[in-house]
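Undergrad: Data file entry_4.csv (CSV, C-alpha atoms) is appended below.
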```csv
chain,number,residue,atom,x,y,z
A,193,MET,CA,24.0,-45.9,82.2
A,194,LYS,CA,20.6,-47.0,83.5
A,195,LYS,CA,19.0,-45.6,86.6
A,196,LEU,CA,19.2,-48.0,89.5
A,197,PHE,CA,18.3,-46.6,92.9
A,198,LEU,CA,14.8,-46.2,94.3
A,199,THR,CA,12.7,-49.3,93.8
A,200,LEU,CA,10.5,-48.0,91.0
A,201,SER,CA,12.3,-49.9,88.2
A,202,VAL,CA,15.1,-48.7,86.1
A,203,SER,CA,13.2,-48.8,82.8
A,204,PHE,CA,10.2,-46.9,84.1
A,205,LEU,CA,11.5,-44.4,86.6
A,206,THR,CA,14.2,-45.6,89.0
A,207,MET,CA,15.1,-48.6,91.3
A,208,LEU,CA,15.7,-48.9,94.9
A,209,ILE,CA,18.9,-50.8,95.7
A,210,ILE,CA,18.4,-50.5,99.4
A,211,SER,CA,16.9,-53.2,99.6
A,212,CYS,CA,12.9,-63.7,103.4
A,213,GLY,CA,12.2,-64.5,106.4
A,214,GLU,CA,12.2,-67.8,108.3
A,215,SER,CA,9.7,-67.7,111.0
A,216,ALA,CA,12.0,-69.6,113.3
A,217,GLU,CA,14.4,-66.7,113.2
A,218,THR,CA,12.0,-64.0,114.1
A,219,ILE,CA,13.3,-61.8,116.9
A,220,SER,CA,11.0,-62.1,120.0
A,221,GLU,CA,8.9,-59.0,121.0
A,222,LYS,CA,9.9,-59.8,124.6
A,223,GLU,CA,13.6,-59.3,123.7
A,224,THR,CA,13.0,-55.7,122.6
A,225,ALA,CA,9.9,-54.6,124.6
A,226,ASN,CA,11.8,-52.4,127.0
A,227,ILE,CA,14.0,-50.6,124.5
A,228,GLU,CA,13.7,-46.8,125.0
A,229,ILE,CA,13.1,-44.8,121.8
A,230,THR,CA,13.5,-41.0,121.6
A,231,GLU,CA,13.0,-38.6,118.7
A,232,GLU,CA,14.2,-35.1,118.0
A,233,THR,CA,14.9,-32.6,115.2
A,234,ALA,CA,18.2,-30.8,114.9
A,235,THR,CA,19.5,-28.2,112.4
A,236,ILE,CA,22.5,-29.8,110.7
A,237,ASN,CA,24.3,-27.7,108.0
A,238,GLY,CA,21.3,-25.5,107.6
A,239,VAL,CA,18.7,-28.3,107.2
A,240,ASN,CA,16.4,-29.6,109.9
A,241,HIS,CA,17.2,-33.3,110.3
A,242,PHE,CA,14.9,-35.9,112.0
A,243,ILE,CA,16.8,-38.1,114.4
A,244,ARG,CA,15.6,-41.3,116.2
A,245,LYS,CA,17.6,-43.1,119.0
A,246,MET,CA,17.0,-46.5,120.5
A,247,GLY,CA,18.7,-48.1,123.5
A,248,LYS,CA,21.8,-47.2,125.5
A,249,GLY,CA,25.5,-47.9,125.2
A,250,GLU,CA,28.2,-47.5,122.6
A,251,PRO,CA,26.8,-45.4,119.7
A,252,MET,CA,25.9,-47.1,116.5
A,253,LEU,CA,24.9,-44.6,113.7
A,254,VAL,CA,22.9,-46.3,111.0
A,255,LEU,CA,22.5,-44.9,107.4
A,256,HIS,CA,19.4,-45.9,105.5
A,257,GLY,CA,19.2,-46.8,101.8
A,258,GLY,CA,18.0,-44.8,98.9
A,259,PRO,CA,18.8,-42.2,97.8
A,260,GLY,CA,15.5,-40.7,98.8
A,261,LEU,CA,14.1,-43.3,101.1
A,262,PHE,CA,13.9,-42.9,104.9
A,263,HIS,CA,15.0,-45.0,107.9
A,264,ASP,CA,11.7,-46.5,109.2
A,265,TYR,CA,12.1,-49.9,107.5
A,266,LEU,CA,15.2,-50.5,109.6
A,267,ILE,CA,13.7,-49.9,113.0
A,268,PRO,CA,12.2,-53.3,113.8
A,269,HIS,CA,15.3,-55.1,112.7
A,270,PHE,CA,17.9,-53.2,114.8
A,271,LYS,CA,16.0,-53.3,118.1
A,272,LYS,CA,17.9,-56.4,119.1
A,273,LEU,CA,21.2,-54.5,118.7
A,274,ALA,CA,19.7,-51.7,120.7
A,275,ALA,CA,19.7,-54.0,123.7
A,276,ASN,CA,23.5,-53.4,123.9
A,277,TYR,CA,24.1,-50.2,121.9
A,278,GLN,CA,22.6,-46.8,121.4
A,279,VAL,CA,21.3,-47.2,117.8
A,280,ILE,CA,20.9,-43.9,116.1
A,281,PHE,CA,18.9,-43.3,112.9
A,282,TYR,CA,18.2,-40.1,110.9
A,283,ASP,CA,16.5,-39.2,107.7
A,284,GLN,CA,19.0,-38.0,105.2
A,285,ARG,CA,18.8,-34.5,103.7
A,286,GLY,CA,15.5,-34.1,101.8
A,287,CYS,CA,14.2,-37.5,102.9
A,288,GLY,CA,11.3,-38.6,105.2
A,289,LYS,CA,10.8,-36.2,108.1
A,290,THR,CA,14.0,-34.2,107.3
A,291,ASP,CA,13.4,-31.0,105.5
A,292,PHE,CA,13.9,-30.7,101.7
A,293,PRO,CA,16.5,-27.9,101.3
A,294,ALA,CA,15.5,-24.7,99.5
A,295,ASP,CA,18.7,-24.9,97.4
A,296,THR,CA,18.4,-28.3,95.6
A,297,SER,CA,22.1,-28.1,94.7
A,298,THR,CA,22.9,-28.9,98.3
A,299,ILE,CA,21.6,-32.4,97.7
A,300,SER,CA,24.9,-34.1,96.9
A,301,MET,CA,27.2,-36.8,98.2
A,302,ASP,CA,29.6,-34.2,99.6
A,303,ASN,CA,26.8,-32.7,101.7
A,304,TYR,CA,25.5,-36.1,102.7
A,305,ILE,CA,29.0,-36.8,104.0
A,306,GLU,CA,29.1,-33.5,106.0
A,307,ASP,CA,25.6,-34.2,107.4
A,308,VAL,CA,26.9,-37.5,108.8
A,309,GLU,CA,29.7,-35.6,110.5
A,310,GLY,CA,27.3,-32.9,111.6
A,311,ILE,CA,25.0,-35.5,113.3
A,312,ARG,CA,28.0,-37.0,115.1
A,313,LYS,CA,29.1,-33.5,116.3
A,314,TYR,CA,25.6,-32.5,117.3
A,315,LEU,CA,25.2,-35.6,119.4
A,316,LYS,CA,28.6,-35.0,121.0
A,317,LEU,CA,29.9,-38.5,120.0
A,318,ASP,CA,33.6,-39.3,119.9
A,319,LYS,CA,33.8,-42.4,117.7
A,320,VAL,CA,30.8,-44.3,116.3
A,321,ILE,CA,30.1,-47.7,115.0
A,322,LEU,CA,29.0,-46.7,111.5
A,323,VAL,CA,26.5,-49.0,109.7
A,324,GLY,CA,25.2,-48.4,106.2
A,325,HIS,CA,22.6,-50.4,104.2
A,326,SER,CA,22.6,-50.3,100.4
A,327,PHE,CA,23.0,-46.7,99.3
A,328,GLY,CA,23.7,-46.0,103.0
A,329,ALA,CA,26.7,-48.3,102.7
A,330,ILE,CA,28.0,-46.2,99.8
A,331,LEU,CA,27.5,-43.1,101.9
A,332,ALA,CA,29.3,-44.8,104.8
A,333,VAL,CA,32.3,-45.6,102.7
A,334,ASN,CA,32.5,-42.1,101.3
A,335,TYR,CA,32.3,-40.7,104.9
A,336,ALA,CA,35.0,-43.1,106.1
A,337,LYS,CA,37.4,-42.0,103.3
A,338,LYS,CA,37.3,-38.5,104.9
A,339,TYR,CA,36.6,-39.2,108.5
A,340,SER,CA,38.0,-42.6,109.2
A,341,SER,CA,39.4,-41.5,112.6
A,342,ASN,CA,35.8,-40.8,113.8
A,343,ILE,CA,34.7,-44.4,113.3
A,344,SER,CA,35.4,-47.3,115.7
A,345,LYS,CA,34.1,-49.9,113.3
A,346,LEU,CA,32.5,-49.8,109.9
A,347,ILE,CA,29.7,-52.2,108.9
A,348,LEU,CA,28.4,-52.3,105.3
A,349,VAL,CA,25.2,-54.2,104.8
A,350,SER,CA,24.2,-55.2,101.3
A,351,PRO,CA,26.2,-52.4,99.9
A,352,GLY,CA,25.1,-50.8,96.6
A,353,PRO,CA,27.2,-51.5,93.5
A,354,ALA,CA,30.9,-50.5,93.8
A,355,THR,CA,31.2,-49.2,90.3
A,356,SER,CA,28.9,-48.0,87.5
A,357,GLU,CA,29.4,-51.2,85.6
A,358,TYR,CA,28.1,-53.2,88.5
A,359,PHE,CA,25.0,-51.1,88.5
A,360,ASP,CA,24.1,-52.4,85.1
A,361,GLN,CA,24.7,-56.0,86.2
A,362,SER,CA,22.5,-55.5,89.2
A,363,PHE,CA,19.7,-54.0,87.1
A,364,ASN,CA,19.8,-57.1,84.8
A,365,ASN,CA,19.7,-59.4,87.8
A,366,MET,CA,16.6,-57.6,89.1
A,367,GLN,CA,14.9,-57.5,85.8
A,368,SER,CA,15.3,-61.2,85.3
A,369,LYS,CA,13.4,-61.8,88.6
A,370,ARG,CA,10.5,-59.5,87.8
A,371,LYS,CA,7.3,-61.2,86.9
A,372,ASP,CA,5.4,-60.1,83.8
A,373,GLU,CA,2.3,-59.3,85.8
A,374,ASP,CA,4.3,-57.1,88.2
A,375,THR,CA,5.9,-55.2,85.3
A,376,LYS,CA,2.4,-54.6,83.8
A,377,ALA,CA,1.0,-53.5,87.2
A,378,LEU,CA,4.0,-51.2,87.8
A,379,ILE,CA,3.5,-49.5,84.4
A,380,GLU,CA,-0.2,-49.1,84.9
A,381,THR,CA,0.2,-47.7,88.4
A,382,MET,CA,2.9,-45.2,87.4
A,383,MET,CA,0.8,-44.0,84.5
A,384,SER,CA,-2.2,-43.4,86.7
A,385,GLU,CA,-3.6,-40.1,87.8
A,386,GLU,CA,-3.3,-41.2,91.4
A,387,PHE,CA,0.5,-41.7,91.0
A,388,SER,CA,0.9,-38.3,89.3
A,389,LYS,CA,-0.6,-36.7,92.3
A,390,ARG,CA,1.7,-38.7,94.6
A,391,ASP,CA,-1.3,-40.5,96.2
A,392,PRO,CA,0.3,-42.4,99.1
A,393,VAL,CA,-1.5,-45.7,98.2
A,394,ALA,CA,-0.5,-45.6,94.6
A,395,PHE,CA,3.1,-44.5,95.4
A,396,LYS,CA,3.7,-47.2,97.9
A,397,LYS,CA,2.3,-49.8,95.5
A,398,THR,CA,4.9,-48.8,92.9
A,399,VAL,CA,7.7,-49.0,95.5
A,400,LEU,CA,6.6,-52.5,96.6
A,401,LEU,CA,6.2,-53.7,93.0
A,402,GLY,CA,9.7,-52.4,92.2
A,403,ASP,CA,11.5,-53.7,95.2
A,404,LYS,CA,10.0,-57.1,95.7
A,405,VAL,CA,12.7,-58.6,93.4
A,406,ASN,CA,15.1,-57.8,96.3
A,407,LEU,CA,13.5,-60.6,98.4
A,408,ILE,CA,13.8,-64.3,98.0
A,409,ASP,CA,10.2,-64.6,98.9
A,410,GLN,CA,8.7,-61.7,96.9
A,411,GLU,CA,5.3,-62.1,98.7
A,412,LYS,CA,6.8,-60.8,101.9
A,413,ILE,CA,7.4,-57.3,100.5
A,414,GLU,CA,4.3,-55.9,102.3
A,415,ASP,CA,5.6,-57.1,105.6
A,416,LEU,CA,9.1,-55.6,105.0
A,417,TYR,CA,7.5,-52.2,104.2
A,418,ALA,CA,4.9,-52.3,107.0
A,419,PRO,CA,6.8,-49.7,109.0
A,420,MET,CA,6.9,-47.3,106.1
A,421,ASN,CA,4.2,-44.6,106.1
A,422,PHE,CA,4.2,-42.8,102.7
A,423,ASP,CA,2.4,-39.5,102.3
A,424,THR,CA,2.2,-37.0,99.5
A,425,ASN,CA,5.1,-35.0,100.9
A,426,ASN,CA,7.7,-37.7,101.5
A,427,SER,CA,6.7,-39.4,98.3
A,428,GLN,CA,7.5,-36.3,96.2
A,429,LYS,CA,10.7,-35.8,98.2
A,430,MET,CA,11.8,-39.3,97.5
A,431,LEU,CA,11.5,-38.9,93.7
A,432,LEU,CA,13.2,-35.5,93.8
A,433,VAL,CA,16.2,-36.6,95.8
A,434,ASN,CA,16.6,-39.7,93.7
A,435,SER,CA,16.4,-37.8,90.4
A,436,ILE,CA,19.0,-35.3,91.7
A,437,MET,CA,21.4,-37.9,93.1
A,438,GLU,CA,21.2,-40.4,90.2
A,439,LYS,CA,23.8,-38.5,88.2
A,440,THR,CA,26.4,-39.3,90.9
A,441,PHE,CA,26.4,-42.9,89.9
A,442,PHE,CA,26.6,-42.6,86.1
A,443,ASP,CA,30.4,-42.8,86.1
A,444,TYR,CA,32.0,-43.6,89.4
A,445,ASP,CA,34.2,-46.1,91.3
A,446,LEU,CA,33.6,-46.4,95.0
A,447,THR,CA,37.1,-47.7,95.5
A,448,GLU,CA,38.8,-44.5,94.5
A,449,GLY,CA,40.5,-43.1,97.7
A,450,ILE,CA,39.2,-46.1,99.7
A,451,ASP,CA,42.8,-46.9,100.9
A,452,ALA,CA,42.3,-44.0,103.3
A,453,ILE,CA,40.0,-46.2,105.4
A,454,SER,CA,41.9,-47.6,108.4
A,455,THR,CA,38.8,-48.7,110.3
A,456,PRO,CA,38.0,-52.3,111.0
A,457,THR,CA,35.4,-53.1,108.4
A,458,LEU,CA,32.8,-55.8,107.9
A,459,VAL,CA,30.8,-56.3,104.7
A,460,VAL,CA,27.6,-58.4,105.1
A,461,ILE,CA,25.7,-59.7,102.1
A,462,GLY,CA,23.0,-62.2,101.3
A,463,ASP,CA,24.1,-65.1,99.0
A,464,LEU,CA,21.3,-64.2,96.6
A,465,ASP,CA,21.7,-60.5,96.5
A,466,ASN,CA,21.1,-58.9,93.0
A,467,VAL,CA,24.2,-56.8,93.4
A,468,PRO,CA,27.0,-59.1,92.0
A,469,PHE,CA,29.2,-60.9,94.6
A,470,ALA,CA,32.2,-59.5,92.8
A,471,SER,CA,31.1,-56.0,93.7
A,472,ALA,CA,31.2,-56.8,97.5
A,473,GLN,CA,34.4,-58.7,97.0
A,474,LEU,CA,36.0,-55.6,95.3
A,475,ILE,CA,35.1,-53.4,98.3
A,476,VAL,CA,36.5,-56.0,100.7
A,477,GLU,CA,39.7,-56.3,98.8
A,478,SER,CA,40.1,-52.5,98.6
A,479,ILE,CA,39.9,-51.9,102.4
A,480,LYS,CA,42.8,-53.2,104.3
A,481,GLY,CA,41.8,-55.9,106.8
A,482,ALA,CA,38.1,-55.9,105.8
A,483,ARG,CA,36.2,-59.2,106.1
A,484,LEU,CA,33.2,-60.5,104.2
A,485,GLU,CA,30.4,-62.5,105.6
A,486,VAL,CA,27.9,-64.1,103.3
A,487,ILE,CA,24.5,-65.1,104.9
A,488,LYS,CA,22.8,-67.9,103.1
A,489,LYS,CA,19.1,-67.8,102.2
A,490,SER,CA,19.1,-64.0,102.0
A,491,CYS,CA,18.8,-61.4,99.3
A,492,HIS,CA,19.2,-57.6,99.9
A,493,TYR,CA,17.7,-57.5,103.4
A,494,PRO,CA,19.6,-60.0,105.6
A,495,PHE,CA,18.5,-58.3,108.8
A,496,TYR,CA,14.9,-59.0,107.8
A,497,GLU,CA,15.3,-62.3,106.0
A,498,THR,CA,17.5,-64.1,108.5
A,499,PRO,CA,17.6,-61.9,111.6
A,500,LYS,CA,19.3,-64.3,114.0
A,501,LYS,CA,22.1,-65.1,111.6
A,502,PHE,CA,22.5,-61.4,110.9
A,503,ASN,CA,22.7,-60.4,114.5
A,504,LYS,CA,25.2,-63.2,115.2
A,505,VAL,CA,27.4,-62.0,112.4
A,506,ILE,CA,27.3,-58.4,113.8
A,507,ASP,CA,27.9,-59.6,117.4
A,508,ASN,CA,30.9,-61.6,116.4
A,509,PHE,CA,32.4,-58.7,114.6
A,510,LEU,CA,31.8,-56.2,117.4
A,511,ASN,CA,32.8,-58.7,120.1
A,512,PRO,CA,35.3,-61.2,118.6
A,513,GLU,CA,35.4,-63.1,121.9
A,514,TYR,CA,31.7,-63.9,121.6
A,515,GLN,CA,31.1,-67.6,121.5
A,516,TYR,CA,28.1,-69.3,119.8
```
Do you think you could lay out the structure here as structure tokens?
TA:
Amino acid sequence: MKKLFLTLSVSFLTMLIISCGESAETISEKETANIEITEETATINGVNHFIRKMGKGEPMLVLHGGPGLFHDYLIPHFKKLAANYQVIFYDQRGCGKTDFPADTSTISMDNYIEDVEGIRKYLKLDKVILVGHSFGAILAVNYAKKYSSNISKLILVSPGPATSEYFDQSFNNMQSKRKDEDTKALIETMMSEEFSKRDPVAFKKTVLLGDKVNLIDQEKIEDLYAPMNFDTNNSQKMLLVNSIMEKTFFDYDLTEGIDAISTPTLVVIGDLDNVPFASAQLIVESIKGARLEVIKKSCHYPFYETPKKFNKVIDNFLNPEYQY
């Protein structure tokens, strides 16, 4: 079983599954200028978690991709939704501005699930709209299997592969899109002294080189990652979390126990995502009443690639009476 998460490339280190834009679809700055943003740190299950909230209204808890990444890449693209909802992000255990636990054995899917529940309880939320992107969608499904009654609606955006077999297919799709010059640059950078010291510039370069195949227009990768500030600390944490969590996906099937989910569910994918269409279809068919929306001219980041279409899809799911 090949490594797949964390954009650094399966053959060389790891790949980021979390993961182009039409200028006509760009969300206006004026539409999001007055969105209130607050930040705090809370101890959840013994680990200090960084939490960021935007807007007011019904709570929408958003789970970032990875494992090992952090939530900053999502912020610009969820501001439109923050006009009507309280959008809540947090960095998962060991990621970004959240502490890396002293006991590395606590970095596990079970604890990530309990951290989601801990965040909900800490914020004194009843039911939440739960949104997960890529690995975050896998986490969201696993949380929903156990805590479906705490979710009002479940939204899975570009979910990671539903089974180990689909991981290999996703990897092959990504490799087929990687240019030879990018492969060479990726190897050279990862073999450099700067990368070994987790130099932020070298580290970010490897992430961008690895993940650009998850965009239709690969040249837009720097714009997608513009909100992400890598430093020596979060870079090292990213690699450690990924290396610990990768074993979770060697032999697994996300649909096991998925019939416990009774929450209205939406799966949103781009028509050119590297994760096979059959993987998303399997998730939809396994959750009673789930619906699938395919957004054209998108790959793994539909909220970035086609934001207006993405927001319409989300609005129509959350407010079925909404007319376009």
Undergrad: For A:Asp374, which residue among A:Pro293, A:Gly247, A:Gly402, A:Pro392 is the nearest when counting all atoms listed in the file?
TA: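 Once distances to A:Asp374 are computed over all atoms listed in the file, the minimum belongs to A:Gly402.
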Undergrad: Counting all atoms listed in the file, find residues at most 12 Å from (16.9, -28.2, 112.7) (file frame) and give them as a short mmCIF file (atom, residue, chain, number, x, y, z; two decimals) with C-alpha atoms, in the coordinates of the input.
TA:
```cif
data_model
loop_
_atom_site.label_atom_id
_atom_site.label_comp_id
_atom_site.auth_asym_id
_atom_site.auth_seq_id
_atom_site.Cartn_x
_atom_site.Cartn_y
_atom_site.Cartn_z
CA GLU A 232 14.20 -35.10 118.00
CA THR A 233 14.90 -32.60 115.20
CA ALA A 234 18.20 -30.80 114.90
CA THR A 235 19.50 -28.20 112.40
CA ILE A 236 22.50 -29.80 110.70
CA ASN A 237 24.30 -27.70 108.00
CA GLY A 238 21.30 -25.50 107.60
CA VAL A 239 18.70 -28.30 107.20
CA ASN A 240 16.40 -29.60 109.90
CA HIS A 241 17.20 -33.30 110.30
CA PHE A 242 14.90 -35.90 112.00
CA ILE A 243 16.80 -38.10 114.40
CA ARG A 285 18.80 -34.50 103.70
CA LYS A 289 10.80 -36.20 108.10
CA THR A 290 14.00 -34.20 107.30
CA ASP A 291 13.40 -31.00 105.50
CA PHE A 292 13.90 -30.70 101.70
CA PRO A 293 16.50 -27.90 101.30
CA ASP A 307 25.60 -34.20 107.40
CA GLY A 310 27.30 -32.90 111.60
CA ILE A 311 25.00 -35.50 113.30
CA TYR A 314 25.60 -32.50 117.30
#
```
Undergrad: Which residue, A:Ser435, A:His325, A:His269, A:Pro353, has the smallest gap to A:Thr498 when you use all atoms listed in the file?
TA: A:His269
Undergrad: Atom CA of A:Pro268 and atom CA of A:Met252, how far apart in Å?
TA: 15.3 Å
Undergrad: Quick one: distance from atom CA of A:Ala394 to atom CA of A:Leu431 in Å, one decimal?
TA: 13.8 Å
Undergrad: Within 12 Å of (17.9, -56.7, 102.1) (file coordinates; all atoms listed in the file), which protein or nucleic acid residues are there? I'd like them as a ChimeraX atom specification.
TA: /A:208-213,256-257,265-266,269,324-327,348-352,403-410,412-413,416-417,460-467,487,489-499,502
Undergrad: Residues of the last selection are to be written out with C-alpha atoms, as a PDB file, in the coordinates of the input.
TA:
```
ATOM      1  CA  LEU A 208      15.700 -48.900  94.900  1.00  0.00           C
ATOM      2  CA  ILE A 209      18.900 -50.800  95.700  1.00  0.00           C
ATOM      3  CA  ILE A 210      18.400 -50.500  99.400  1.00  0.00           C
ATOM      4  CA  SER A 211      16.900 -53.200  99.600  1.00  0.00           C
ATOM      5  CA  CYS A 212      12.900 -63.700 103.400  1.00  0.00           C
ATOM      6  CA  GLY A 213      12.200 -64.500 106.400  1.00  0.00           C
ATOM      7  CA  HIS A 256      19.400 -45.900 105.500  1.00  0.00           C
ATOM      8  CA  GLY A 257      19.200 -46.800 101.800  1.00  0.00           C
ATOM      9  CA  TYR A 265      12.100 -49.900 107.500  1.00  0.00           C
ATOM     10  CA  LEU A 266      15.200 -50.500 109.600  1.00  0.00           C
ATOM     11  CA  HIS A 269      15.300 -55.100 112.700  1.00  0.00           C
ATOM     12  CA  GLY A 324      25.200 -48.400 106.200  1.00  0.00           C
ATOM     13  CA  HIS A 325      22.600 -50.400 104.200  1.00  0.00           C
ATOM     14  CA  SER A 326      22.600 -50.300 100.400  1.00  0.00           C
ATOM     15  CA  PHE A 327      23.000 -46.700  99.300  1.00  0.00           C
ATOM     16  CA  LEU A 348      28.400 -52.300 105.300  1.00  0.00           C
ATOM     17  CA  VAL A 349      25.200 -54.200 104.800  1.00  0.00           C
ATOM     18  CA  SER A 350      24.200 -55.200 101.300  1.00  0.00           C
ATOM     19  CA  PRO A 351      26.200 -52.400  99.900  1.00  0.00           C
ATOM     20  CA  GLY A 352      25.100 -50.800  96.600  1.00  0.00           C
ATOM     21  CA  ASP A 403      11.500 -53.700  95.200  1.00  0.00           C
ATOM     22  CA  LYS A 404      10.000 -57.100  95.700  1.00  0.00           C
ATOM     23  CA  VAL A 405      12.700 -58.600  93.400  1.00  0.00           C
ATOM     24  CA  ASN A 406      15.100 -57.800  96.300  1.00  0.00           C
ATOM     25  CA  LEU A 407      13.500 -60.600  98.400  1.00  0.00           C
ATOM     26  CA  ILE A 408      13.800 -64.300  98.000  1.00  0.00           C
ATOM     27  CA  ASP A 409      10.200 -64.600  98.900  1.00  0.00           C
ATOM     28  CA  GLN A 410       8.700 -61.700  96.900  1.00  0.00           C
ATOM     29  CA  LYS A 412       6.800 -60.800 101.900  1.00  0.00           C
ATOM     30  CA  ILE A 413       7.400 -57.300 100.500  1.00  0.00           C
ATOM     31  CA  LEU A 416       9.100 -55.600 105.000  1.00  0.00           C
ATOM     32  CA  TYR A 417       7.500 -52.200 104.200  1.00  0.00           C
ATOM     33  CA  VAL A 460      27.600 -58.400 105.100  1.00  0.00           C
ATOM     34  CA  ILE A 461      25.700 -59.700 102.100  1.00  0.00           C
ATOM     35  CA  GLY A 462      23.000 -62.200 101.300  1.00  0.00           C
ATOM     36  CA  ASP A 463      24.100 -65.100  99.000  1.00  0.00           C
ATOM     37  CA  LEU A 464      21.300 -64.200  96.600  1.00  0.00           C
ATOM     38  CA  ASP A 465      21.700 -60.500  96.500  1.00  0.00           C
ATOM     39  CA  ASN A 466      21.100 -58.900  93.000  1.00  0.00           C
ATOM     40  CA  VAL A 467      24.200 -56.800  93.400  1.00  0.00           C
ATOM     41  CA  ILE A 487      24.500 -65.100 104.900  1.00  0.00           C
ATOM     42  CA  LYS A 489      19.100 -67.800 102.200  1.00  0.00           C
ATOM     43  CA  SER A 490      19.100 -64.000 102.000  1.00  0.00           C
ATOM     44  CA  CYS A 491      18.800 -61.400  99.300  1.00  0.00           C
ATOM     45  CA  HIS A 492      19.200 -57.600  99.900  1.00  0.00           C
ATOM     46  CA  TYR A 493      17.700 -57.500 103.400  1.00  0.00           C
ATOM     47  CA  PRO A 494      19.600 -60.000 105.600  1.00  0.00           C
ATOM     48  CA  PHE A 495      18.500 -58.300 108.800  1.00  0.00           C
ATOM     49  CA  TYR A 496      14.900 -59.000 107.800  1.00  0.00           C
ATOM     50  CA  GLU A 497      15.300 -62.300 106.000  1.00  0.00           C
ATOM     51  CA  THR A 498      17.500 -64.100 108.500  1.00  0.00           C
ATOM     52  CA  PRO A 499      17.600 -61.900 111.600  1.00  0.00           C
ATOM     53  CA  PHE A 502      22.500 -61.400 110.900  1.00  0.00           C
TER      54      PHE A 502
END
```
Undergrad: Under the rule that all atoms listed in the file are counted, which of A:Pro419, A:Pro259, A:Pro251, A:Pro468 is the nearest residue to A:Asp283?
TA: A:Pro259
Undergrad: Tell me which of A:Thr398, A:Thr440, A:Ser356, A:Gln473 sits closest to A:Phe422, counting only C-alpha atoms.
TA: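 Smallest separation from A:Phe422 among the options: A:Thr398.
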Undergrad: Env of stretch 331-342 of chain A: 7 Å cut, atoms = only C-alpha atoms, seq-sep filter 6 positions within chain, self excluded. Answer as a list in words.
TA: Ile305, Asp318, Lys319, Val320, Leu322, Gly324, Gly449, Ile450, Ala452, Ile453, Ser454 and Thr455 of chain A
Undergrad: What is the atom CA of A:Ile267-atom CA of A:Thr298 distance in Å, reported with one decimal?
TA: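 Separation between atom CA of A:Ile267 and atom CA of A:Thr298: 27.2 Å.
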Undergrad: Might you pull out every residue within 10 Å of A:Leu510, with all atoms listed in the file counted and same-chain residues fewer than 4 positions away left off, and present them as a list of chain:residue names?
TA: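 My reading of the contact set: A:Ile321, A:Ser344, A:Lys345, A:Leu346, A:Ile347, A:Pro456, A:Leu458, A:Lys504, A:Val505, A:Ile506, A:Tyr514.
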Undergrad: For the residues selected in the previous step, produce a file with C-alpha atoms as a short mmCIF file (atom, residue, chain, number, x, y, z; two decimals), in the coordinates of the input.
TA:
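Output saved as out-v3.cif:
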```cif
data_model
loop_
_atom_site.label_atom_id
_atom_site.label_comp_id
_atom_site.auth_asym_id
_atom_site.auth_seq_id
_atom_site.Cartn_x
_atom_site.Cartn_y
_atom_site.Cartn_z
CA ILE A 321 30.10 -47.70 115.00
CA SER A 344 35.40 -47.30 115.70
CA LYS A 345 34.10 -49.90 113.30
CA LEU A 346 32.50 -49.80 109.90
CA ILE A 347 29.70 -52.20 108.90
CA PRO A 456 38.00 -52.30 111.00
CA LEU A 458 32.80 -55.80 107.90
CA LYS A 504 25.20 -63.20 115.20
CA VAL A 505 27.40 -62.00 112.40
CA ILE A 506 27.30 -58.40 113.80
CA TYR A 514 31.70 -63.90 121.60
#
```
